[in-house]
Amino acid sequence: MRCRLLVAGLAMLSVAGPIACPAGGTPAADSEAPLLFTSFRGNGEDGLHLAWSKDGYTWKPLKNDKPLLRPEVGGGLMRDPQIVQGPDGTFHMVWTTAWNKHGIGYASSKDLVHWSKQKLLDVMKDEPQARNVWAPEIFYDSAGKQFLIFWASTIPGRFPGTEKAGDDGYNHRMYFTRTTDFERLAPAKLFYDPGFNVIDATIVQNGAQFAMFLKDETRQPPAKNLRVATAKAPAGPYGPPSPPITGKYWAEGPTAIKLGEKWFVYFDRYTERRYGLVTSKDLVHWDEESDKVKFPAGHRHGSVLRVNRAILEGLMKP
């Protein structure tokens, strides 16, 4: 379901105004719908944090920057939280639960306030040698009417010749599964191998094209940067990665959204303990705008999405 706000713009946003659609509505096509950003603090020990914005540049914490959901499964972490809204309005969240375990965390919600029981999805159960499952994300494939879940894993010996390029023996590639209900998962398959150590993939649709932003995790210069690959379908196959779209600093955890005529790609400049932004009108030429964004202290990488006004009002209640 698509919905539109009854107000003229977000500059007039208040928690007492009229609501144009129910809390389950999906506002993806509404250019005035509020923006939410998921994140974690530290290593993810305390759980899910949320921030909101009117313009995509200035982000304010919700709930006084206290965690809205605490980790209960896996290794006790809630890193890399990513939320997408399905076609029925339900929000689905996945996250990294541990440094070296097979499972990912999963929970769902209708309002981002009340959550289902958390569960561990063992997405790599058929790959017992896999060292880890990092930074899972979800993309809804509307043509296939199913969700894609994808993540980075290292399987020792799987990609010989590139093992020494990463940290501590990690040599990641992207893997994925398909599901319609987050209960039955298809066997994990290789999703993307760019020929180097890769993590932190995220996917957006740009017309008939699908763009995957990813982190080059190799240490050799140019290293620890973000790139983009494209495909004609969300499950690929994706073409070769672009040259780096970020500058001469280490970047990770990209998330992307189109605001007006520009694509915004946010990311964690983690060694500098700050957040970054690059923008583009064509996904080819990029402008550095890191100095224009303001985030809550300690904000770590998650995902950006639009929500309808009723959802934001619920999150603003004491």
# chains A, B, ... in the order shown; residues from 1 in each chain; ligands from 1
$ residues_around --residues "A:Trp263" --least-positions-apart "5" --cutoff "9 Å" --atoms "only C-alpha atoms" --output "compact mmCIF listing (two decimals) with N, CA and C atoms, in the first residue's frame"
# COMPACT_ATOMS: atom_id res chain seq x y z
N ALA A 256 21.91 3.31 1.36
CA ALA A 256 21.62 4.27 0.29
C ALA A 256 20.14 4.54 0.17
N ILE A 257 19.82 5.77 -0.26
CA ILE A 257 18.43 6.16 -0.51
C ILE A 257 18.44 7.32 -1.48
N LYS A 258 17.39 7.43 -2.31
CA LYS A 258 17.29 8.54 -3.23
C LYS A 258 16.44 9.64 -2.62
N VAL A 278 28.39 10.45 0.55
CA VAL A 278 28.66 10.84 -0.84
C VAL A 278 27.32 10.83 -1.57
N THR A 279 27.19 11.71 -2.56
CA THR A 279 25.94 11.81 -3.31
C THR A 279 26.21 11.76 -4.81
N SER A 280 25.18 11.36 -5.55
CA SER A 280 25.31 11.24 -7.00
C SER A 280 23.94 11.33 -7.66
N LYS A 281 23.91 11.89 -8.86
CA LYS A 281 22.67 11.90 -9.64
C LYS A 281 22.59 10.74 -10.62
N ASP A 282 23.73 10.08 -10.88
CA ASP A 282 23.75 9.03 -11.89
C ASP A 282 24.41 7.73 -11.44
N LEU A 283 24.81 7.64 -10.18
CA LEU A 283 25.50 6.47 -9.62
C LEU A 283 26.87 6.23 -10.26
$ atom_distance --atom1 "atom CA of A:Val204" --atom2 "atom CA of A:Ala186"
22.0 Å
$ atom_distance --atom1 "atom CA of A:Lys101" --atom2 "atom CA of A:Gly74"
7.5 Å
$ atom_distance --atom1 "atom CA of A:Gly207" --atom2 "atom CA of A:Tyr106"
28.9 Å
$ residues_around --residues "A:Pro128" --least-positions-apart "3" --cutoff "10 Å" --atoms "only C-alpha atoms" --output "NGL selection string"
:A and (102 or 124-125 or 131 or 155)
$ residues_around --residues "stretch 48-52 of chain A" --least-positions-apart "6" --cutoff "7 Å" --atoms "only C-alpha atoms" --output "list in words"
Leu35, Leu36, Phe37, Thr38, Ser39, Phe40, Trp59, Lys60, Pro61, Leu62, Asp65, Lys66, Pro67, Leu68, Leu69, Arg70, Met78 and Pro81 of chain A
$ write_last_selection --atoms "C-alpha atoms" --output "compact mmCIF listing (two decimals), in the first residue's frame"
# COMPACT_ATOMS: atom_id res chain seq x y z
CA LEU A 35 13.51 9.33 7.31
CA LEU A 36 14.72 6.82 9.90
CA PHE A 37 18.24 5.52 10.43
CA THR A 38 19.05 2.35 12.37
CA SER A 39 22.35 2.12 14.21
CA PHE A 40 24.27 0.59 17.08
CA TRP A 59 19.76 13.39 12.26
CA LYS A 60 18.21 13.46 15.73
CA PRO A 61 18.14 10.51 18.14
CA LEU A 62 14.84 8.94 19.18
CA ASP A 65 19.26 7.73 22.16
CA LYS A 66 18.46 4.78 24.39
CA PRO A 67 18.22 1.32 22.80
CA LEU A 68 14.74 0.37 21.57
CA LEU A 69 15.48 -3.34 21.43
CA ARG A 70 18.17 -5.32 23.20
CA MET A 78 23.03 -6.31 17.70
CA PRO A 81 20.89 -3.55 12.18
$ closest_residue --among "A:Arg274, A:Arg173, A:Lys164, A:Arg178" --to "A:Val293" --atoms "only C-alpha atoms"
A:Arg274
$ residues_around --residues "stretch 188-191 of chain A" --least-positions-apart "4" --cutoff "7 Å" --atoms "only C-alpha atoms" --output "list of chain:residue names"
A:Val123, A:Met124, A:Met174, A:Tyr175, A:Phe176, A:Thr177
$ select_by_dssp --residues "stretch 75-274 of chain A" --states "strand (DSSP E or B)" --output "MDAnalysis selection string"
chainID A and resid 79:85 91:96 104:109 115 119:121 134:141 146:153 173:179 189:192 198:206 209:216 225:231 252:259 262:269 274
$ closest_residue --among "A:Asp167, A:Asp216, A:Glu272, A:Asp181" --to "A:Phe196" --atoms "only C-alpha atoms"
A:Asp216
$ closest_residue --among "A:Pro160, A:Gly314, A:Gly86, A:Gly75" --to "A:Val133" --atoms "only C-alpha atoms"
A:Gly75
$ residues_around --residues "A:Pro194" --least-positions-apart "6" --cutoff "9 Å" --atoms "only C-alpha atoms" --output "list in words"
Arg173, Gly239, Pro240 and Pro241 of chain A
$ residues_around --residues "A:Ala98" --least-positions-apart "6" --cutoff "12 Å" --atoms "only C-alpha atoms" --output "PyMOL selection string"
chain A and resi 43-45+71-80+104-105+120+131-136
$ decode --residues "stretch 77-202 of chain A" --atoms "C-alpha atoms" --output "PDB file, in the first residue's frame"
ATOM      1  CA  LEU A  77      25.312  -8.416  19.895  1.00  0.00           C
ATOM      2  CA  MET A  78      23.033  -6.314  17.701  1.00  0.00           C
ATOM      3  CA  ARG A  79      25.477  -4.936  15.145  1.00  0.00           C
ATOM      4  CA  ASP A  80      24.679  -3.734  11.627  1.00  0.00           C
ATOM      5  CA  PRO A  81      20.892  -3.549  12.175  1.00  0.00           C
ATOM      6  CA  GLN A  82      18.966  -3.297   8.908  1.00  0.00           C
ATOM      7  CA  ILE A  83      15.223  -2.778   8.594  1.00  0.00           C
ATOM      8  CA  VAL A  84      13.038  -3.108   5.508  1.00  0.00           C
ATOM      9  CA  GLN A  85       9.275  -2.826   5.226  1.00  0.00           C
ATOM     10  CA  GLY A  86       7.469  -5.605   3.402  1.00  0.00           C
ATOM     11  CA  PRO A  87       4.496  -5.166   1.065  1.00  0.00           C
ATOM     12  CA  ASP A  88       2.028  -5.819   3.904  1.00  0.00           C
ATOM     13  CA  GLY A  89       3.554  -3.048   6.029  1.00  0.00           C
ATOM     14  CA  THR A  90       5.467  -5.351   8.388  1.00  0.00           C
ATOM     15  CA  PHE A  91       8.992  -4.249   9.281  1.00  0.00           C
ATOM     16  CA  HIS A  92      11.663  -6.943   9.168  1.00  0.00           C
ATOM     17  CA  MET A  93      15.029  -6.499  10.883  1.00  0.00           C
ATOM     18  CA  VAL A  94      18.218  -8.554  10.672  1.00  0.00           C
ATOM     19  CA  TRP A  95      21.539  -8.013  12.421  1.00  0.00           C
ATOM     20  CA  THR A  96      24.949  -9.466  13.215  1.00  0.00           C
ATOM     21  CA  THR A  97      24.775 -11.370  16.510  1.00  0.00           C
ATOM     22  CA  ALA A  98      28.420 -12.394  16.934  1.00  0.00           C
ATOM     23  CA  TRP A  99      31.889 -12.206  15.455  1.00  0.00           C
ATOM     24  CA  ASN A 100      32.212 -15.920  14.726  1.00  0.00           C
ATOM     25  CA  LYS A 101      28.845 -17.693  14.596  1.00  0.00           C
ATOM     26  CA  HIS A 102      26.640 -18.977  11.793  1.00  0.00           C
ATOM     27  CA  GLY A 103      23.333 -17.332  12.615  1.00  0.00           C
ATOM     28  CA  ILE A 104      21.838 -13.904  12.098  1.00  0.00           C
ATOM     29  CA  GLY A 105      19.305 -12.198  14.335  1.00  0.00           C
ATOM     30  CA  TYR A 106      15.758 -11.617  13.098  1.00  0.00           C
ATOM     31  CA  ALA A 107      12.683  -9.876  14.497  1.00  0.00           C
ATOM     32  CA  SER A 108       9.605  -8.197  13.015  1.00  0.00           C
ATOM     33  CA  SER A 109       7.330  -5.350  14.014  1.00  0.00           C
ATOM     34  CA  LYS A 110       4.257  -3.460  12.810  1.00  0.00           C
ATOM     35  CA  ASP A 111       5.207  -0.170  14.491  1.00  0.00           C
ATOM     36  CA  LEU A 112       8.944  -0.378  15.422  1.00  0.00           C
ATOM     37  CA  VAL A 113       7.894  -0.157  19.071  1.00  0.00           C
ATOM     38  CA  HIS A 114       6.492  -3.637  19.720  1.00  0.00           C
ATOM     39  CA  TRP A 115       8.622  -6.480  18.369  1.00  0.00           C
ATOM     40  CA  SER A 116       8.207 -10.194  17.792  1.00  0.00           C
ATOM     41  CA  LYS A 117      10.281 -12.705  19.689  1.00  0.00           C
ATOM     42  CA  GLN A 118      13.827 -12.636  18.382  1.00  0.00           C
ATOM     43  CA  LYS A 119      15.131 -15.708  16.626  1.00  0.00           C
ATOM     44  CA  LEU A 120      18.376 -16.942  15.163  1.00  0.00           C
ATOM     45  CA  LEU A 121      18.363 -17.791  11.459  1.00  0.00           C
ATOM     46  CA  ASP A 122      21.111 -20.320  10.727  1.00  0.00           C
ATOM     47  CA  VAL A 123      21.670 -19.201   7.162  1.00  0.00           C
ATOM     48  CA  MET A 124      24.968 -21.087   6.794  1.00  0.00           C
ATOM     49  CA  LYS A 125      23.899 -24.419   8.258  1.00  0.00           C
ATOM     50  CA  ASP A 126      24.956 -26.174   5.043  1.00  0.00           C
ATOM     51  CA  GLU A 127      28.424 -24.616   5.235  1.00  0.00           C
ATOM     52  CA  PRO A 128      29.818 -25.906   8.551  1.00  0.00           C
ATOM     53  CA  GLN A 129      33.299 -24.531   7.809  1.00  0.00           C
ATOM     54  CA  ALA A 130      32.063 -20.932   7.536  1.00  0.00           C
ATOM     55  CA  ARG A 131      33.821 -18.768  10.096  1.00  0.00           C
ATOM     56  CA  ASN A 132      31.209 -16.048  10.416  1.00  0.00           C
ATOM     57  CA  VAL A 133      28.054 -14.327   9.161  1.00  0.00           C
ATOM     58  CA  TRP A 134      28.422 -10.542   9.049  1.00  0.00           C
ATOM     59  CA  ALA A 135      26.240  -7.560   8.188  1.00  0.00           C
ATOM     60  CA  PRO A 136      23.100  -9.308   6.899  1.00  0.00           C
ATOM     61  CA  GLU A 137      20.623  -7.319   4.831  1.00  0.00           C
ATOM     62  CA  ILE A 138      17.198  -7.903   3.302  1.00  0.00           C
ATOM     63  CA  PHE A 139      15.842  -6.829  -0.069  1.00  0.00           C
ATOM     64  CA  TYR A 140      12.269  -7.480  -1.164  1.00  0.00           C
ATOM     65  CA  ASP A 141      12.098  -8.867  -4.692  1.00  0.00           C
ATOM     66  CA  SER A 142       8.684  -7.638  -5.833  1.00  0.00           C
ATOM     67  CA  ALA A 143       8.824  -9.584  -9.116  1.00  0.00           C
ATOM     68  CA  GLY A 144       9.591 -12.850  -7.329  1.00  0.00           C
ATOM     69  CA  LYS A 145       7.394 -11.972  -4.319  1.00  0.00           C
ATOM     70  CA  GLN A 146      10.116 -13.065  -1.933  1.00  0.00           C
ATOM     71  CA  PHE A 147      12.792 -11.647   0.308  1.00  0.00           C
ATOM     72  CA  LEU A 148      16.499 -11.956  -0.393  1.00  0.00           C
ATOM     73  CA  ILE A 149      18.735 -12.149   2.676  1.00  0.00           C
ATOM     74  CA  PHE A 150      22.431 -11.633   1.964  1.00  0.00           C
ATOM     75  CA  TRP A 151      25.560 -11.365   4.092  1.00  0.00           C
ATOM     76  CA  ALA A 152      29.356 -11.747   4.114  1.00  0.00           C
ATOM     77  CA  SER A 153      31.064 -14.981   5.191  1.00  0.00           C
ATOM     78  CA  THR A 154      34.544 -16.452   5.115  1.00  0.00           C
ATOM     79  CA  ILE A 155      34.822 -20.135   4.200  1.00  0.00           C
ATOM     80  CA  PRO A 156      38.482 -21.136   4.643  1.00  0.00           C
ATOM     81  CA  GLY A 157      40.145 -22.307   1.431  1.00  0.00           C
ATOM     82  CA  ARG A 158      37.199 -21.411  -0.765  1.00  0.00           C
ATOM     83  CA  PHE A 159      38.915 -18.613  -2.732  1.00  0.00           C
ATOM     84  CA  PRO A 160      42.637 -19.465  -2.934  1.00  0.00           C
ATOM     85  CA  GLY A 161      45.059 -16.734  -3.840  1.00  0.00           C
ATOM     86  CA  THR A 162      43.215 -13.925  -2.074  1.00  0.00           C
ATOM     87  CA  GLU A 163      43.489 -15.069   1.563  1.00  0.00           C
ATOM     88  CA  LYS A 164      46.333 -12.728   2.542  1.00  0.00           C
ATOM     89  CA  ALA A 165      44.495  -9.580   1.469  1.00  0.00           C
ATOM     90  CA  GLY A 166      42.237  -9.453   4.532  1.00  0.00           C
ATOM     91  CA  ASP A 167      42.519  -9.120   8.291  1.00  0.00           C
ATOM     92  CA  ASP A 168      43.132 -12.131  10.557  1.00  0.00           C
ATOM     93  CA  GLY A 169      42.704 -14.619   7.734  1.00  0.00           C
ATOM     94  CA  TYR A 170      39.228 -13.456   6.772  1.00  0.00           C
ATOM     95  CA  ASN A 171      38.475 -13.685   3.057  1.00  0.00           C
ATOM     96  CA  HIS A 172      34.817 -12.803   2.629  1.00  0.00           C
ATOM     97  CA  ARG A 173      32.405 -13.222  -0.237  1.00  0.00           C
ATOM     98  CA  MET A 174      28.715 -12.386  -0.335  1.00  0.00           C
ATOM     99  CA  TYR A 175      26.180 -15.211   0.111  1.00  0.00           C
ATOM    100  CA  PHE A 176      22.395 -15.192   0.019  1.00  0.00           C
ATOM    101  CA  THR A 177      19.196 -17.104   0.666  1.00  0.00           C
ATOM    102  CA  ARG A 178      15.555 -16.599  -0.314  1.00  0.00           C
ATOM    103  CA  THR A 179      12.463 -16.710   1.875  1.00  0.00           C
ATOM    104  CA  THR A 180       8.817 -15.712   1.902  1.00  0.00           C
ATOM    105  CA  ASP A 181       8.160 -16.100   5.626  1.00  0.00           C
ATOM    106  CA  PHE A 182      11.526 -16.006   7.478  1.00  0.00           C
ATOM    107  CA  GLU A 183      10.821 -19.579   8.560  1.00  0.00           C
ATOM    108  CA  ARG A 184      11.741 -21.577   5.462  1.00  0.00           C
ATOM    109  CA  LEU A 185      15.111 -20.590   4.005  1.00  0.00           C
ATOM    110  CA  ALA A 186      16.529 -21.756   0.701  1.00  0.00           C
ATOM    111  CA  PRO A 187      20.050 -23.233   0.900  1.00  0.00           C
ATOM    112  CA  ALA A 188      22.698 -20.516   0.953  1.00  0.00           C
ATOM    113  CA  LYS A 189      24.439 -19.766  -2.350  1.00  0.00           C
ATOM    114  CA  LEU A 190      27.291 -17.563  -3.468  1.00  0.00           C
ATOM    115  CA  PHE A 191      25.838 -14.136  -4.241  1.00  0.00           C
ATOM    116  CA  TYR A 192      28.778 -12.001  -5.347  1.00  0.00           C
ATOM    117  CA  ASP A 193      32.476 -12.610  -5.874  1.00  0.00           C
ATOM    118  CA  PRO A 194      34.235  -9.467  -7.120  1.00  0.00           C
ATOM    119  CA  GLY A 195      37.601 -11.218  -6.974  1.00  0.00           C
ATOM    120  CA  PHE A 196      38.560  -9.689  -3.634  1.00  0.00           C
ATOM    121  CA  ASN A 197      37.601  -9.714   0.032  1.00  0.00           C
ATOM    122  CA  VAL A 198      34.155  -8.043   0.218  1.00  0.00           C
ATOM    123  CA  ILE A 199      31.670  -7.232   3.011  1.00  0.00           C
ATOM    124  CA  ASP A 200      28.788  -4.869   3.855  1.00  0.00           C
ATOM    125  CA  ALA A 201      26.693  -5.115   0.691  1.00  0.00           C
ATOM    126  CA  THR A 202      23.417  -3.215   0.362  1.00  0.00           C
TER     127      THR A 202
END
